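S.K.: Below is entry.cif; it holds mmCIF, C-alpha atoms (C1' of nucleotides).
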```cif
data_coords
loop_
_atom_site.label_atom_id
_atom_site.label_comp_id
_atom_site.auth_asym_id
_atom_site.auth_seq_id
_atom_site.Cartn_x
_atom_site.Cartn_y
_atom_site.Cartn_z
CA MET E 1 32.59 54.84 -170.08
CA VAL E 2 33.81 56.97 -172.93
CA GLU E 3 35.67 54.41 -174.99
CA PRO E 4 35.12 50.82 -173.99
CA SER E 5 38.12 49.26 -175.67
CA ALA E 6 40.34 52.08 -174.49
CA VAL E 7 39.19 51.52 -170.94
CA ILE E 8 39.69 47.80 -171.30
CA SER E 9 43.21 48.08 -172.54
CA SER E 10 44.15 50.81 -170.10
CA ALA E 11 42.79 48.84 -167.16
CA ARG E 12 44.61 45.75 -168.30
CA ASP E 13 47.78 47.74 -168.89
CA ARG E 14 47.49 49.38 -165.51
CA ILE E 15 47.34 45.96 -163.93
CA LEU E 16 50.37 44.76 -165.86
CA GLU E 17 52.33 47.84 -164.89
CA ALA E 18 51.28 47.36 -161.29
CA ALA E 19 52.51 43.77 -161.44
CA GLU E 20 55.88 44.93 -162.71
CA ARG E 21 56.06 47.45 -159.92
CA VAL E 22 55.26 44.81 -157.33
CA VAL E 23 58.01 42.55 -158.63
CA GLY E 24 60.48 45.41 -158.68
CA GLU E 25 59.68 46.57 -155.20
CA THR E 26 59.04 43.39 -153.27
CA GLY E 27 60.51 40.54 -155.29
CA ALA E 28 59.17 37.80 -157.50
CA ALA E 29 57.84 35.63 -154.69
CA LYS E 30 55.59 38.42 -153.42
CA LEU E 31 53.82 38.73 -156.74
CA THR E 32 50.38 37.81 -155.37
CA LEU E 33 47.01 38.64 -156.83
CA ASP E 34 46.15 40.73 -153.79
CA ALA E 35 49.35 42.74 -154.03
CA VAL E 36 48.88 43.39 -157.74
CA ALA E 37 45.24 44.37 -157.28
CA GLN E 38 46.13 46.80 -154.53
CA ALA E 39 49.02 48.30 -156.51
CA ALA E 40 46.77 48.73 -159.53
CA GLY E 41 44.04 50.39 -157.47
CA VAL E 42 41.65 47.61 -158.32
CA SER E 43 39.84 45.08 -156.22
CA LYS E 44 40.80 41.45 -156.41
CA GLY E 45 37.52 40.74 -158.14
CA GLY E 46 38.32 43.39 -160.70
CA LEU E 47 41.74 41.93 -161.30
CA LEU E 48 40.29 38.45 -161.79
CA TYR E 49 37.74 39.88 -164.15
CA HIS E 50 40.51 40.98 -166.49
CA TYR E 51 42.86 38.05 -165.89
CA PRO E 52 40.81 35.06 -164.78
CA THR E 53 43.80 33.16 -163.39
CA LYS E 54 47.26 33.99 -162.19
CA GLU E 55 48.65 32.03 -165.09
CA ALA E 56 46.81 34.36 -167.47
CA LEU E 57 48.36 37.33 -165.74
CA LEU E 58 51.85 35.86 -165.96
CA GLY E 59 51.30 34.99 -169.60
CA ALA E 60 50.24 38.55 -170.33
CA LEU E 61 53.34 39.77 -168.55
CA ALA E 62 55.57 37.59 -170.72
CA GLU E 63 53.73 38.58 -173.87
CA ARG E 64 54.03 42.22 -172.95
CA TYR E 65 57.75 41.76 -172.54
CA VAL E 66 58.13 40.26 -176.00
CA ARG E 67 55.93 42.87 -177.65
CA SER E 68 57.68 45.73 -175.97
CA MET E 69 61.10 44.43 -176.93
CA GLU E 70 60.02 44.08 -180.53
CA GLN E 71 58.69 47.60 -180.53
CA CYS E 72 61.90 48.98 -179.05
CA VAL E 73 64.03 47.17 -181.59
CA GLU E 74 61.75 48.21 -184.42
CA ALA E 75 61.90 51.81 -183.29
CA ALA E 76 65.68 51.68 -183.07
CA LYS E 77 65.83 50.15 -186.52
CA GLY E 78 64.06 53.19 -187.92
CA GLY E 79 66.90 55.36 -186.71
CA LEU E 80 69.53 53.46 -188.67
CA SER E 81 70.33 53.74 -192.35
CA GLU E 82 68.81 51.04 -194.47
CA GLY E 83 71.98 49.85 -196.10
CA ASP E 84 73.69 49.44 -192.76
CA HIS E 85 75.04 45.93 -192.40
CA GLY E 86 74.21 44.54 -188.99
CA ARG E 87 71.33 46.92 -188.61
CA ASP E 88 69.24 44.29 -186.82
CA LEU E 89 71.96 43.57 -184.32
CA LYS E 90 72.59 47.25 -183.68
CA ALA E 91 68.89 47.87 -183.26
CA CYS E 92 68.90 45.17 -180.61
CA ILE E 93 71.64 46.91 -178.72
CA VAL E 94 70.10 50.34 -178.90
CA GLY E 95 66.52 49.18 -178.49
CA ALA E 96 67.08 46.89 -175.57
CA LEU E 97 69.54 49.03 -173.67
CA ALA E 98 68.40 52.54 -174.40
CA SER E 99 64.82 52.37 -173.19
CA GLY E 100 65.30 53.64 -169.66
CA SER E 101 64.04 51.97 -166.55
CA ARG E 102 61.12 50.37 -168.33
CA SER E 103 62.98 47.35 -169.58
CA LYS E 104 64.43 46.65 -166.14
CA ALA E 105 61.01 46.25 -164.58
CA MET E 106 59.87 44.13 -167.48
CA GLY E 107 62.89 41.89 -167.32
CA ALA E 108 62.30 41.33 -163.63
CA ALA E 109 58.65 40.60 -164.34
CA LEU E 110 59.62 38.07 -166.97
CA LEU E 111 61.90 36.31 -164.49
CA ALA E 112 59.07 36.31 -161.97
CA ALA E 113 56.69 34.84 -164.50
CA ALA E 114 59.25 32.19 -165.39
CA ALA E 115 59.66 31.28 -161.74
CA ASN E 116 55.99 30.39 -161.52
CA ASP E 117 55.67 28.83 -164.94
CA PRO E 118 58.91 27.94 -166.74
CA THR E 119 57.05 27.13 -169.96
CA LEU E 120 56.50 30.86 -170.48
CA LEU E 121 60.15 31.03 -171.50
CA ASP E 122 59.51 28.81 -174.50
CA VAL E 123 58.47 31.82 -176.55
CA ILE E 124 61.68 33.59 -175.65
CA ARG E 125 63.74 30.58 -176.60
CA GLU E 126 62.03 30.25 -179.96
CA ARG E 127 62.66 33.86 -180.72
CA ALA E 128 66.29 33.49 -179.72
CA VAL E 129 66.72 30.51 -182.03
CA LEU E 130 65.24 32.46 -184.92
CA PHE E 131 67.44 35.45 -184.27
CA THR E 132 70.50 33.24 -183.94
CA GLU E 133 69.82 31.69 -187.32
CA HIS E 134 69.44 35.14 -188.79
CA LEU E 135 72.74 36.11 -187.22
CA ALA E 136 74.50 33.01 -188.47
CA ALA E 137 73.26 33.63 -192.01
CA SER E 138 73.92 37.36 -192.24
CA SER E 139 77.01 38.13 -190.22
CA SER E 140 80.51 37.55 -191.42
CA ASP E 141 81.67 36.73 -187.92
CA PHE E 142 79.00 34.74 -186.16
CA ALA E 143 80.81 34.34 -182.85
CA ARG E 144 81.32 38.07 -182.43
CA ALA E 145 77.73 38.83 -183.29
CA ALA E 146 76.53 36.21 -180.81
CA ILE E 147 78.79 37.64 -178.14
CA VAL E 148 77.28 41.06 -178.66
CA MET E 149 73.83 39.57 -178.26
CA LEU E 150 74.84 37.71 -175.14
CA ALA E 151 76.43 40.79 -173.62
CA VAL E 152 73.20 42.71 -174.21
CA ASP E 153 71.37 39.88 -172.47
CA GLY E 154 73.81 39.90 -169.61
CA LEU E 155 73.57 43.63 -169.08
CA MET E 156 69.79 43.57 -169.24
CA MET E 157 69.65 40.79 -166.71
CA ARG E 158 72.06 42.51 -164.35
CA GLU E 159 70.04 45.70 -164.56
CA SER E 160 66.76 43.88 -164.10
CA LEU E 161 68.16 42.24 -161.01
CA ARG E 162 69.82 45.49 -159.90
CA ILE E 163 73.23 43.93 -159.80
CA SER E 164 74.88 45.93 -162.53
CA PRO E 165 78.27 47.10 -161.26
CA PHE E 166 78.82 49.81 -163.83
CA THR E 167 78.81 53.58 -163.54
CA ASP E 168 76.81 55.52 -166.10
CA GLU E 169 80.02 56.42 -167.85
CA GLN E 170 81.21 52.84 -168.01
CA ARG E 171 77.85 51.74 -169.30
CA GLU E 172 78.05 54.27 -172.07
CA GLN E 173 81.52 53.04 -173.01
CA ILE E 174 80.24 49.49 -173.13
CA VAL E 175 77.26 50.31 -175.35
CA HIS E 176 79.53 52.26 -177.66
CA GLU E 177 81.95 49.37 -177.90
CA LEU E 178 79.11 46.91 -178.49
CA LEU E 179 78.12 48.94 -181.53
CA ASN E 180 81.73 48.86 -182.70
CA ILE E 181 81.95 45.10 -182.44
CA ALA E 182 78.60 44.78 -184.18
CA ASP E 183 80.10 46.76 -187.05
CA GLU E 184 83.22 44.62 -187.12
CA SER E 185 81.27 41.41 -187.31
CA TYR E 186 79.56 42.53 -190.48
CA ARG E 187 82.56 43.48 -192.52
CA MET J 1 79.47 8.20 -134.98
CA VAL J 2 82.77 7.86 -136.79
CA GLU J 3 83.30 11.38 -138.07
CA PRO J 4 80.67 13.85 -136.87
CA SER J 5 81.57 16.85 -139.00
CA ALA J 6 81.83 14.72 -142.14
CA VAL J 7 78.32 13.40 -141.67
CA ILE J 8 76.94 16.83 -140.97
CA SER J 9 78.47 18.45 -144.01
CA SER J 10 77.49 15.65 -146.34
CA ALA J 11 73.88 15.77 -145.14
CA ARG J 12 73.84 19.54 -145.63
CA ASP J 13 75.38 19.21 -149.06
CA ARG J 14 72.94 16.52 -150.01
CA ILE J 15 70.10 18.87 -149.12
CA LEU J 16 71.58 21.70 -151.17
CA GLU J 17 72.05 19.45 -154.16
CA ALA J 18 68.49 18.22 -153.77
CA ALA J 19 67.28 21.82 -153.74
CA GLU J 20 69.11 22.53 -156.97
CA ARG J 21 67.57 19.45 -158.49
CA VAL J 22 64.09 20.51 -157.43
CA VAL J 23 64.53 23.94 -158.98
CA GLY J 24 65.87 22.46 -162.18
CA GLU J 25 63.10 19.92 -162.51
CA THR J 26 60.02 21.73 -161.24
CA GLY J 27 60.82 25.43 -161.31
CA ALA J 28 61.62 28.05 -158.74
CA ALA J 29 58.08 28.41 -157.42
CA LYS J 30 57.92 24.71 -156.49
CA LEU J 31 60.97 24.96 -154.27
CA THR J 32 59.17 23.96 -151.07
CA LEU J 33 60.68 22.51 -147.95
CA ASP J 34 58.70 19.32 -148.42
CA ALA J 35 59.92 18.89 -151.98
CA VAL J 36 63.53 19.48 -151.00
CA ALA J 37 63.27 17.13 -148.03
CA GLN J 38 61.82 14.39 -150.19
CA ALA J 39 64.41 14.87 -152.92
CA ALA J 40 67.18 14.71 -150.33
CA GLY J 41 65.77 11.56 -148.74
CA VAL J 42 65.23 13.39 -145.46
CA SER J 43 62.12 14.21 -143.48
CA LYS J 44 60.95 17.76 -143.18
CA GLY J 45 61.98 17.77 -139.55
CA GLY J 46 65.42 16.59 -140.54
CA LEU J 47 65.70 19.32 -143.15
CA LEU J 48 64.72 21.98 -140.63
CA TYR J 49 67.27 20.61 -138.25
CA HIS J 50 70.05 21.54 -140.68
CA TYR J 51 68.47 24.70 -142.08
CA PRO J 52 66.14 26.16 -139.44
CA THR J 53 64.30 28.42 -141.89
CA LYS J 54 63.72 28.53 -145.60
CA GLU J 55 65.70 31.74 -145.70
CA ALA J 56 68.67 29.88 -144.23
CA LEU J 57 68.40 27.29 -146.97
CA LEU J 58 68.22 29.92 -149.69
CA GLY J 59 71.17 31.73 -148.18
CA ALA J 60 73.19 28.55 -148.19
CA LEU J 61 72.24 28.03 -151.82
CA ALA J 62 73.49 31.49 -152.74
CA GLU J 63 76.67 31.04 -150.74
CA ARG J 64 77.29 27.71 -152.38
CA TYR J 65 76.93 29.38 -155.76
CA VAL J 66 79.53 32.01 -154.93
CA ARG J 67 81.96 29.51 -153.44
CA SER J 68 81.63 27.12 -156.34
CA MET J 69 82.19 29.89 -158.88
CA GLU J 70 85.29 31.00 -157.07
CA GLN J 71 86.62 27.47 -157.03
CA CYS J 72 85.95 27.00 -160.73
CA VAL J 73 87.69 30.25 -161.59
CA GLU J 74 90.59 29.46 -159.30
CA ALA J 75 90.95 26.03 -160.86
CA ALA J 76 90.88 27.51 -164.35
CA LYS J 77 93.47 30.07 -163.32
CA GLY J 78 95.84 27.26 -162.43
CA GLY J 79 95.74 26.06 -166.03
CA LEU J 80 96.94 29.37 -167.43
CA SER J 81 100.45 30.70 -167.55
CA GLU J 82 101.28 33.17 -164.83
CA GLY J 83 102.50 35.95 -167.06
CA ASP J 84 99.35 35.82 -169.12
CA HIS J 85 97.71 39.22 -169.23
CA GLY J 86 94.01 38.93 -168.67
CA ARG J 87 94.44 35.65 -166.90
CA ASP J 88 91.66 36.49 -164.42
CA LEU J 89 89.22 37.30 -167.18
CA LYS J 90 90.10 34.18 -169.13
CA ALA J 91 89.77 32.08 -166.00
CA CYS J 92 86.27 33.51 -165.62
CA ILE J 93 85.37 32.41 -169.11
CA VAL J 94 86.78 28.94 -168.80
CA GLY J 95 85.76 28.43 -165.19
CA ALA J 96 82.22 29.63 -165.52
CA LEU J 97 81.43 28.09 -168.87
CA ALA J 98 83.40 24.88 -168.85
CA SER J 99 82.01 23.25 -165.72
CA GLY J 100 79.25 21.19 -167.33
CA SER J 101 75.71 20.99 -166.16
CA ARG J 102 76.59 21.82 -162.58
CA SER J 103 76.69 25.56 -163.04
CA LYS J 104 73.34 25.56 -164.81
CA ALA J 105 71.57 24.04 -161.84
CA MET J 106 73.36 26.40 -159.49
CA GLY J 107 72.47 29.42 -161.57
CA ALA J 108 68.84 28.40 -161.56
CA ALA J 109 69.00 27.87 -157.82
CA LEU J 110 70.47 31.33 -157.36
CA LEU J 111 67.64 32.85 -159.37
CA ALA J 112 65.15 30.90 -157.26
CA ALA J 113 66.78 32.13 -154.08
CA ALA J 114 66.69 35.69 -155.37
CA ALA J 115 63.01 35.36 -156.18
CA ASN J 116 62.24 34.68 -152.53
CA ASP J 117 64.77 37.07 -151.06
CA PRO J 118 66.27 39.68 -153.39
CA THR J 119 68.79 40.78 -150.77
CA LEU J 120 70.70 37.54 -151.37
CA LEU J 121 71.92 39.11 -154.59
CA ASP J 122 73.77 41.81 -152.69
CA VAL J 123 76.78 39.54 -152.32
CA ILE J 124 76.80 38.94 -156.05
CA ARG J 125 76.63 42.63 -156.76
CA GLU J 126 79.50 43.43 -154.40
CA ARG J 127 81.64 40.82 -156.04
CA ALA J 128 80.78 42.20 -159.44
CA VAL J 129 81.77 45.70 -158.38
CA LEU J 130 85.11 44.44 -157.11
CA PHE J 131 85.80 42.50 -160.27
CA THR J 132 84.79 45.47 -162.40
CA GLU J 133 87.25 47.68 -160.59
CA HIS J 134 89.93 45.08 -161.12
CA LEU J 135 89.05 44.99 -164.80
CA ALA J 136 89.09 48.75 -165.12
CA ALA J 137 92.50 48.93 -163.49
CA SER J 138 94.23 46.09 -165.32
CA SER J 139 92.83 45.93 -168.81
CA SER J 140 93.87 48.21 -171.60
CA ASP J 141 90.40 48.15 -173.09
CA PHE J 142 87.87 48.22 -170.30
CA ALA J 143 84.79 48.14 -172.48
CA ARG J 144 85.87 44.99 -174.29
CA ALA J 145 86.77 43.24 -171.07
CA ALA J 146 83.40 44.18 -169.59
CA ILE J 147 81.62 42.92 -172.68
CA VAL J 148 83.35 39.58 -172.33
CA MET J 149 82.22 39.40 -168.72
CA LEU J 150 78.67 40.31 -169.65
CA ALA J 151 78.56 37.78 -172.44
CA VAL J 152 79.67 35.08 -170.01
CA ASP J 153 76.86 36.22 -167.71
CA GLY J 154 74.38 36.18 -170.53
CA LEU J 155 75.34 32.71 -171.68
CA MET J 156 75.24 31.34 -168.15
CA MET J 157 71.82 32.81 -167.58
CA ARG J 158 70.46 31.47 -170.83
CA GLU J 159 71.79 28.02 -170.02
CA SER J 160 70.48 28.14 -166.47
CA LEU J 161 67.06 29.05 -167.82
CA ARG J 162 67.42 26.52 -170.64
CA ILE J 163 66.88 29.15 -173.29
CA SER J 164 70.25 29.01 -174.95
CA PRO J 165 69.71 28.91 -178.71
CA PHE J 166 73.18 27.67 -179.63
CA THR J 167 74.35 24.35 -180.97
CA ASP J 168 77.36 22.77 -179.28
CA GLU J 169 79.50 23.82 -182.18
CA GLN J 170 78.32 27.41 -182.05
CA ARG J 171 78.90 27.48 -178.32
CA GLU J 172 82.45 26.34 -178.82
CA GLN J 173 83.03 29.06 -181.39
CA ILE J 174 81.68 31.63 -178.98
CA VAL J 175 83.88 30.53 -176.10
CA HIS J 176 86.89 30.53 -178.38
CA GLU J 177 86.13 34.03 -179.59
CA LEU J 178 85.56 35.23 -176.02
CA LEU J 179 89.10 34.13 -175.20
CA ASN J 180 90.33 36.01 -178.27
CA ILE J 181 88.63 39.22 -177.24
CA ALA J 182 89.94 38.78 -173.73
CA ASP J 183 93.43 38.66 -175.20
CA GLU J 184 92.82 41.74 -177.33
CA SER J 185 91.63 43.79 -174.41
CA TYR J 186 94.90 43.25 -172.59
CA ARG J 187 97.25 44.33 -175.32
"C1'" DG F 1 17.99 45.28 -169.55
"C1'" DT F 2 22.28 44.19 -170.92
"C1'" DT F 3 27.14 44.87 -170.78
"C1'" DA F 4 31.25 46.16 -168.35
"C1'" DC F 5 33.12 46.34 -164.33
"C1'" DT F 6 33.79 46.70 -158.99
"C1'" DA F 7 33.74 45.05 -154.25
"C1'" DT F 8 33.59 41.81 -150.52
"C1'" DA F 9 33.02 37.68 -148.28
"C1'" DC F 10 34.28 33.17 -148.37
"C1'" DC F 11 36.46 28.36 -149.41
"C1'" DG F 12 40.04 24.91 -150.01
"C1'" DT F 13 44.74 24.12 -150.50
"C1'" DC F 14 49.37 24.66 -149.75
"C1'" DC F 15 53.17 25.59 -147.07
"C1'" DA F 16 56.58 27.33 -143.43
"C1'" DG F 17 57.64 26.63 -139.15
"C1'" DC F 18 56.80 24.36 -134.54
"C1'" DC F 19 56.90 20.69 -131.39
"C1'" DG F 20 56.87 16.38 -129.12
"C1'" DG F 21 59.02 12.36 -129.88
"C1'" DT F 22 62.80 8.53 -131.27
"C1'" DA F 23 67.39 6.58 -131.87
"C1'" DC F 24 71.90 6.43 -130.66
"C1'" DA F 25 76.57 7.58 -129.56
"C1'" DG F 26 79.48 9.40 -126.21
"C1'" DT F 27 80.56 10.71 -121.24
"C1'" DC F 28 80.73 10.80 -116.50
"C1'" DC F 29 79.98 8.92 -112.10
"C1'" DT F 30 79.99 5.10 -109.14
"C1'" DA Z 1 80.50 -2.79 -115.61
"C1'" DG Z 2 76.39 -0.24 -115.79
"C1'" DG Z 3 73.06 3.29 -114.98
"C1'" DA Z 4 72.12 8.39 -115.62
"C1'" DC Z 5 72.54 11.98 -118.50
"C1'" DT Z 6 73.73 14.90 -122.64
"C1'" DG Z 7 74.10 16.28 -127.44
"C1'" DT Z 8 73.40 15.21 -132.27
"C1'" DA Z 9 70.62 13.70 -135.97
"C1'" DC Z 10 66.30 12.93 -137.55
"C1'" DC Z 11 61.09 12.02 -137.76
"C1'" DG Z 12 56.20 13.31 -138.85
"C1'" DG Z 13 51.96 15.34 -137.40
"C1'" DC Z 14 49.91 19.74 -136.60
"C1'" DT Z 15 48.55 24.63 -137.15
"C1'" DG Z 16 48.00 29.18 -138.52
"C1'" DG Z 17 48.34 32.10 -142.13
"C1'" DA Z 18 48.72 33.23 -146.93
"C1'" DC Z 19 47.12 32.72 -151.38
"C1'" DG Z 20 44.50 31.34 -155.65
"C1'" DG Z 21 40.09 31.10 -157.02
"C1'" DT Z 22 34.71 31.37 -156.52
"C1'" DA Z 23 30.31 33.39 -155.55
"C1'" DT Z 24 27.48 36.96 -155.21
"C1'" DA Z 25 25.79 41.40 -154.75
"C1'" DG Z 26 26.17 45.89 -156.45
"C1'" DT Z 27 27.01 50.15 -159.67
"C1'" DA Z 28 27.27 52.84 -163.83
"C1'" DA Z 29 26.67 53.57 -168.67
"C1'" DC Z 30 23.96 53.02 -172.71
#
```
Turn this file's structure into structure tokens for me.
M.R.:
Amino acid sequence: MVEPSAVISSARDRILEAAERVVGETGAAKLTLDAVAQAAGVSKGGLLYHYPTKEALLGALAERYVRSMEQCVEAAKGGLSEGDHGRDLKACIVGALASGSRSKAMGAALLAAAANDPTLLDVIRERAVLFTEHLAASSSDFARAAIVMLAVDGLMMRESLRISPFTDEQREQIVHELLNIADESYR
Amino acid sequence: MVEPSAVISSARDRILEAAERVVGETGAAKLTLDAVAQAAGVSKGGLLYHYPTKEALLGALAERYVRSMEQCVEAAKGGLSEGDHGRDLKACIVGALASGSRSKAMGAALLAAAANDPTLLDVIRERAVLFTEHLAASSSDFARAAIVMLAVDGLMMRESLRISPFTDEQREQIVHELLNIADESYR
DNA sequence: GTTACTATACCGTCCAGCCGGTACAGTCCT
DNA sequence: AGGACTGTACCGGCTGGACGGTATAGTAAC
């Protein structure tokens, strides 16, 4: 073992990624410990060493989702000018929708986790409440800003569930228009 | 037996409603035949008489969702003037978001069904494609119309999952503004 | 030898689906 | 009228398999 903590985190990450893959390929109900272990190239014992219960695994999946979203948004924020009104909202759009196929798998995994343990969504709800308050306080047109947020949610969900009806071109139009509306609601 | 078909359909409906209740109260993973049977006041044998497999039950749940949505939209359409541009889109907003707690339970049930059998979502996707084409052909601003649709989706999902962060007042504002944008995208 | 981790065998529970039965209404034959 | 039979609706126990979790033995690095 070259770097214990590195190995730890990479093994744990590998398992999480494997879990996302399993959900994406076979559906939320087939998210079993055996399936995840096999997909991760780990024995069931190994899996349970890292995540002692299924609940722990699902929790880690949900936490990973939140962390990753935050990172994406933060990264997108860096690409916007500081004085930009509605920068947070725009970063949400870009961050959540730009990061390729990754977010789809994670969204599906979150839904799968929620199916087994609905309380895992509490964190999401809390975050949404906070962000909504921020929106209400900072935007000049709350309803529009909220609609942008909801549309981002809707698109993410559709893509996670693979039921998005849009062509690439249409999707691009939509993202572009979302940014426009975000601008409008801050003027 | 006074009216055979009436008894049959009511028993089947009772089971479907019970299934929705089970999902809403205990989560998608706890949607077992026993739980549904008990909630419907029917024995497991009786349940399996009406829906011979779990897959059949889930399929009926998904179908019920689609039918109910169509009815809601159709009903909402009746309340709008015929010459109204964007009447279909507005009917979607009103129909999908106005019908109280019913649609939440059905949305959750659909998600639960999809967890067990992702192919059940195919119908939803097809419908979405059709509606998107309709939108693209009829609206003057496709992106805005699509955003409205996505926001409706997002709000429905959040409410189905009980993670909507909005107060009643905020929700009202949002619906109102959705109708505004729907108008704009048809002028 | 201790820590970090893997592998396999096994256990108990849960659950979908099956099956043999019950009740009862209608129908047909006599 | 009444017995024989049929189809519909429903019951509840059973089973086989899947799955979450445990136990234990083993390996590799330091």
S.K.: Given the file shown, determine the residues that the PyMOL selection byres ((chain E and resi 172) around 12) selects; report them as an MDAnalysis selection string.
M.R.: (chainID E and resid 93:94 97:98 155 166:171 173:179) or (chainID J and resid 142:143 146:147)
S.K.: Can you spell out as a ChimeraX atom specification the set of residues that the PyMOL selection byres ((chain J and resi 130-136) around 8) selects in the structure I just provided?
M.R.: /E:165-166 /J:126-129,137-139,142,145-146
S.K.: Env of DA18 (chain Z): 10 Å cut, atoms = all atoms listed in the file, seq-sep filter 3 positions within chain, self excluded. Answer as a PyMOL selection string.
M.R.: (chain E and resi 32) or (chain F and resi 14-15)
S.K.: Please check the contacts: residues of chain F at most 10 Å away from chain E, using only C-alpha atoms (C1' of nucleotides), listed as a list of chain:residue names.
M.R.: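 Going by the stated atoms only, the list reads F:DA4, F:DC5, F:DT6, F:DA7, F:DT8.
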S.K.: Since I can't run it myself right now, could you work out what the PyMOL selection byres ((chain Z and resi 20) around 12) selects here and report it as an mmCIF file with C-alpha atoms (C1' of nucleotides), keeping the file's coordinate frame?
M.R.:
```
data_model
loop_
_atom_site.group_PDB
_atom_site.id
_atom_site.type_symbol
_atom_site.label_atom_id
_atom_site.label_comp_id
_atom_site.auth_asym_id
_atom_site.auth_seq_id
_atom_site.Cartn_x
_atom_site.Cartn_y
_atom_site.Cartn_z
ATOM 1 C CA LEU E 31 53.820 38.730 -156.740
ATOM 2 C CA THR E 32 50.380 37.810 -155.370
ATOM 3 C CA LEU E 33 47.010 38.640 -156.830
ATOM 4 C CA ASP E 34 46.150 40.730 -153.790
ATOM 5 C CA LYS E 44 40.800 41.450 -156.410
ATOM 6 C CA GLY E 45 37.520 40.740 -158.140
ATOM 7 C CA LEU E 48 40.290 38.450 -161.790
ATOM 8 C CA PRO E 52 40.810 35.060 -164.780
ATOM 9 C CA THR E 53 43.800 33.160 -163.390
ATOM 10 C CA LYS E 54 47.260 33.990 -162.190
ATOM 11 C CA GLU E 55 48.650 32.030 -165.090
ATOM 12 C "C1'" DC F 11 36.460 28.360 -149.410
ATOM 13 C "C1'" DG F 12 40.040 24.910 -150.010
ATOM 14 C "C1'" DT F 13 44.740 24.120 -150.500
ATOM 15 C "C1'" DC F 14 49.370 24.660 -149.750
ATOM 16 C "C1'" DA Z 18 48.720 33.230 -146.930
ATOM 17 C "C1'" DC Z 19 47.120 32.720 -151.380
ATOM 18 C "C1'" DG Z 21 40.090 31.100 -157.020
ATOM 19 C "C1'" DT Z 22 34.710 31.370 -156.520
#
```
S.K.: Can you put N, CA and C atoms back into region 75-86 of chain J and show it as a compact mmCIF listing (two decimals), in the frame of the given file?
M.R.:
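The new file selection-v2.txt reads:
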```txt
# COMPACT_ATOMS: atom_id res chain seq x y z
N ALA J 75 90.43 27.23 -160.20
CA ALA J 75 90.95 26.03 -160.86
C ALA J 75 91.39 26.36 -162.29
N ALA J 76 90.57 27.15 -162.98
CA ALA J 76 90.88 27.51 -164.35
C ALA J 76 92.14 28.37 -164.41
N LYS J 77 92.31 29.20 -163.40
CA LYS J 77 93.47 30.07 -163.32
C LYS J 77 94.76 29.24 -163.27
N GLY J 78 94.68 28.13 -162.55
CA GLY J 78 95.84 27.26 -162.43
C GLY J 78 96.31 26.72 -163.78
N GLY J 79 95.40 26.62 -164.73
CA GLY J 79 95.74 26.06 -166.03
C GLY J 79 96.29 27.09 -167.00
N LEU J 80 96.43 28.32 -166.54
CA LEU J 80 96.94 29.37 -167.43
C LEU J 80 98.30 29.84 -166.96
N SER J 81 99.11 30.27 -167.92
CA SER J 81 100.45 30.70 -167.55
C SER J 81 100.39 31.98 -166.73
N GLU J 82 101.33 32.09 -165.83
CA GLU J 82 101.28 33.17 -164.83
C GLU J 82 101.44 34.56 -165.43
N GLY J 83 102.25 34.64 -166.47
CA GLY J 83 102.50 35.95 -167.06
C GLY J 83 101.38 36.41 -167.97
N ASP J 84 100.43 35.54 -168.19
CA ASP J 84 99.35 35.82 -169.12
C ASP J 84 98.54 37.04 -168.69
N HIS J 85 98.57 38.06 -169.51
CA HIS J 85 97.71 39.22 -169.23
C HIS J 85 96.26 38.79 -169.41
N GLY J 86 95.42 39.29 -168.54
CA GLY J 86 94.01 38.93 -168.67
C GLY J 86 93.73 37.52 -168.20
```
